[in-house]
Amino acid sequence: MSGFVEKPEPQQVPGLVHLHTGKVRDLYRNEAGDLVMVASDRMSAYDWVLPTPIPDKGRVLTQLSLWWFDQLADLVPNHVLSTELPPGAPADWQGRTLICKSLRMVPVECVARGYLTGSGLVEYNASRTVCGLALPEGLTDGSELPAPIFTPATKAEVGEHDENVSYEEVARQVGAETAAELRQMTLAVYGRARDIARERGVILADTKFEFGFDGEALILGDEVLTPDSSRFWPAAEWEPGHAQPSFDKQYVRNWLTGPESGWDRGSEQPPPALPQQVVDATRAKYIEAYERLTGVSW
């Protein structure tokens, strides 16, 4: 069992129809038929949406996504139409709301990996492959891969786990032409973002994108290159052979699976509330990622 520890009630806004409450975002449709995407301060880990929010997280995700969309605009279009607050929307939606094109989303998490860690490391240790792609001997936790790889996953519902799948399975699901375009675009965007991050002293270890069709064109949707969807490591501290320090939710994961939380990940019990020091430290990591990448003070 997993999902929301405490599922929030959607806010009702005149002129907006609530469509979905996700792990982090609430989706609405406005009277023009556009998607209204509101990033919350909710934190998810291990397929649970935790009961403790991280202040400013929704604004960090939204503002960092907008910054990245600008950096990538010549490479791939995106779904953003406006950042204006819908009429009648709560004032606290400011800075964390996007008006977006309504896309036909591709049901695939498009993951690019340039370094070995996470679920990729687990598979590599078992079979010297990641998503069925053969990798050389001698890699360890944090190793840079010979070249970035496309390792897609199924897109899970809230409370379910994304599952890595082969490229061949993606081609079977969405067609060979779309699969090839997804792989090409994913690796192109990752390569651009990796180079930008590296110039700012940050390693982009891996990241996931979501694409959707705007008419016949594939474009970027959802969020992009945030600490929720990416692993960012400080380049000056990179040292393969062990887990790397990071600017993402790893701090929360470590606390949940450590002795202080008292939580058994293998049980069906929901995770506990986060203590204030974990909330503060996680907020600081998200803000540091934003400031390092954009060069703008939060």
# chains A, B, ... in the order shown; residues from 1 in each chain; ligands from 1
call {"tool": "residues_around", "arguments": {"residues": "A:Leu204", "least_positions_apart": "5", "cutoff": "8 Å", "atoms": "only C-alpha atoms", "output": "count of residues only"}}
result
9
call {"tool": "select_by_dssp", "arguments": {"residues": "stretch 131-246 of chain A", "states": "helix (DSSP H, G or I)", "output": "number ranges by chain"}}
result
A: 167-174, 176-199, 235-237
call {"tool": "select_by_dssp", "arguments": {"residues": "stretch 127-161 of chain A", "states": "strand (DSSP E or B)", "output": "MDAnalysis selection string"}}
result
chainID A and resid 129:130 133:134 144:150 153:154
call {"tool": "closest_residue", "arguments": {"among": "A:Ala273, A:Leu72, A:Leu16, A:Ala243", "to": "A:Leu225", "atoms": "only C-alpha atoms"}}
result
A:Leu72
call {"tool": "residues_around", "arguments": {"residues": "A:Asp228", "least_positions_apart": "5", "cutoff": "10 Å", "atoms": "only C-alpha atoms", "output": "ChimeraX atom specification"}}
result
/A:24,43-45,57,61,207-208,223,247-250,286
call {"tool": "atom_distance", "arguments": {"atom1": "atom CA of A:Glu291", "atom2": "atom CA of A:Pro227"}}
result
12.2 Å
call {"tool": "closest_residue", "arguments": {"among": "A:Pro271, A:Pro234, A:Pro107, A:Asn30", "to": "A:Gly88", "atoms": "only C-alpha atoms"}}
result
A:Asn30
call {"tool": "closest_residue", "arguments": {"among": "A:Gly215, A:Gly142, A:Pro77, A:Pro55", "to": "A:Asp92", "atoms": "only C-alpha atoms"}}
result
A:Pro55
call {"tool": "atom_distance", "arguments": {"atom1": "atom CA of A:Thr154", "atom2": "atom CA of A:Val174"}}
result
11.9 Å
call {"tool": "closest_residue", "arguments": {"among": "A:Ala205, A:Gly3, A:Val36, A:Glu181", "to": "A:Gly15", "atoms": "only C-alpha atoms"}}
result
A:Val36
call {"tool": "residues_around", "arguments": {"residues": "stretch 134-139 of chain A", "least_positions_apart": "2", "cutoff": "12 Å", "atoms": "only C-alpha atoms", "output": "short mmCIF file (atom, residue, chain, number, x, y, z; two decimals) with C-alpha atoms, in the first residue's frame"}}
result
data_model
loop_
_atom_site.label_atom_id
_atom_site.label_comp_id
_atom_site.auth_asym_id
_atom_site.auth_seq_id
_atom_site.Cartn_x
_atom_site.Cartn_y
_atom_site.Cartn_z
CA TYR A 115 26.12 8.65 -14.49
CA LEU A 116 25.45 5.35 -12.76
CA THR A 117 23.35 5.44 -9.58
CA GLY A 120 20.44 1.82 -12.77
CA LEU A 121 23.18 0.86 -10.34
CA VAL A 122 21.06 -1.95 -8.89
CA GLU A 123 20.49 -3.45 -12.36
CA TYR A 124 24.13 -2.93 -13.35
CA ASN A 125 25.37 -4.76 -10.27
CA ALA A 126 23.11 -7.70 -11.13
CA SER A 127 23.64 -7.94 -14.88
CA ARG A 128 26.07 -5.24 -16.14
CA THR A 129 23.13 -3.67 -17.97
CA VAL A 130 20.74 -0.74 -17.48
CA CYS A 131 17.32 -1.16 -19.13
CA GLY A 132 18.92 -3.99 -21.10
CA ASP A 141 28.16 4.19 -7.72
CA GLY A 142 28.61 7.64 -9.27
CA SER A 143 30.68 6.57 -12.28
CA GLU A 144 30.29 8.64 -15.45
CA LEU A 145 28.99 6.47 -18.28
CA PRO A 146 30.94 6.20 -21.55
CA ALA A 147 28.04 8.12 -23.17
CA PRO A 148 24.58 9.18 -21.94
CA ILE A 149 21.91 6.50 -22.32
CA THR A 151 16.47 4.40 -20.14
CA SER A 166 13.41 -1.55 -22.69
CA PRO A 240 32.76 7.70 -7.70
CA GLY A 241 32.59 4.69 -5.44
CA HIS A 242 29.86 5.81 -3.05
#
call {"tool": "closest_residue", "arguments": {"among": "A:Arg113, A:Lys155, A:Arg25, A:Arg42", "to": "A:Thr97", "atoms": "only C-alpha atoms"}}
result
A:Arg25
call {"tool": "residues_around", "arguments": {"residues": "A:Val108", "least_positions_apart": "5", "cutoff": "10 Å", "atoms": "only C-alpha atoms", "output": "PyMOL selection string"}}
result
chain A and resi 152-156+162+164-165+170+173-174+179+182+208-212
call {"tool": "closest_residue", "arguments": {"among": "A:Tyr46, A:Arg292, A:Pro86, A:Glu9", "to": "A:Thr257", "atoms": "only C-alpha atoms"}}
result
A:Tyr46
call {"tool": "atom_distance", "arguments": {"atom1": "atom CA of A:Arg29", "atom2": "atom CA of A:Phe213"}}
result
17.5 Å
call {"tool": "decode", "arguments": {"residues": "stretch 27-64 of chain A", "atoms": "C-alpha atoms", "output": "PDB file, in the first residue's frame"}}
result
ATOM      1  CA  LEU A  27      -4.268  20.110 -12.682  1.00  0.00           C
ATOM      2  CA  TYR A  28      -7.245  22.193 -13.781  1.00  0.00           C
ATOM      3  CA  ARG A  29      -8.788  23.151 -17.116  1.00  0.00           C
ATOM      4  CA  ASN A  30      -9.831  26.724 -17.810  1.00  0.00           C
ATOM      5  CA  GLU A  31     -12.729  27.903 -19.944  1.00  0.00           C
ATOM      6  CA  ALA A  32     -10.443  28.239 -22.992  1.00  0.00           C
ATOM      7  CA  GLY A  33      -9.563  24.555 -22.726  1.00  0.00           C
ATOM      8  CA  ASP A  34      -5.993  25.182 -21.558  1.00  0.00           C
ATOM      9  CA  LEU A  35      -4.358  23.270 -18.733  1.00  0.00           C
ATOM     10  CA  VAL A  36      -3.696  25.112 -15.457  1.00  0.00           C
ATOM     11  CA  MET A  37      -0.835  23.420 -13.611  1.00  0.00           C
ATOM     12  CA  VAL A  38      -0.273  24.355  -9.955  1.00  0.00           C
ATOM     13  CA  ALA A  39       2.883  23.066  -8.262  1.00  0.00           C
ATOM     14  CA  SER A  40       2.351  22.386  -4.564  1.00  0.00           C
ATOM     15  CA  ASP A  41       4.862  22.103  -1.731  1.00  0.00           C
ATOM     16  CA  ARG A  42       4.107  18.384  -1.393  1.00  0.00           C
ATOM     17  CA  MET A  43       7.051  15.997  -1.130  1.00  0.00           C
ATOM     18  CA  SER A  44       6.950  12.423  -2.398  1.00  0.00           C
ATOM     19  CA  ALA A  45       9.368   9.595  -1.651  1.00  0.00           C
ATOM     20  CA  TYR A  46       9.228   5.833  -2.078  1.00  0.00           C
ATOM     21  CA  ASP A  47       5.838   6.088  -3.799  1.00  0.00           C
ATOM     22  CA  TRP A  48       4.308   7.939  -0.831  1.00  0.00           C
ATOM     23  CA  VAL A  49       3.203  11.568  -0.769  1.00  0.00           C
ATOM     24  CA  LEU A  50       4.461  12.630   2.632  1.00  0.00           C
ATOM     25  CA  PRO A  51       2.306  14.491   5.173  1.00  0.00           C
ATOM     26  CA  THR A  52       4.869  17.297   5.594  1.00  0.00           C
ATOM     27  CA  PRO A  53       5.232  20.026   2.924  1.00  0.00           C
ATOM     28  CA  ILE A  54       8.526  21.720   2.055  1.00  0.00           C
ATOM     29  CA  PRO A  55       7.952  25.516   2.038  1.00  0.00           C
ATOM     30  CA  ASP A  56       8.647  27.236  -1.324  1.00  0.00           C
ATOM     31  CA  LYS A  57       9.158  23.914  -3.103  1.00  0.00           C
ATOM     32  CA  GLY A  58       6.347  24.517  -5.604  1.00  0.00           C
ATOM     33  CA  ARG A  59       7.718  27.927  -6.542  1.00  0.00           C
ATOM     34  CA  VAL A  60      11.267  26.587  -6.894  1.00  0.00           C
ATOM     35  CA  LEU A  61      10.061  23.822  -9.222  1.00  0.00           C
ATOM     36  CA  THR A  62       8.020  26.259 -11.317  1.00  0.00           C
ATOM     37  CA  GLN A  63      10.619  29.020 -11.585  1.00  0.00           C
ATOM     38  CA  LEU A  64      13.463  26.601 -12.302  1.00  0.00           C
TER      39      LEU A  64
END
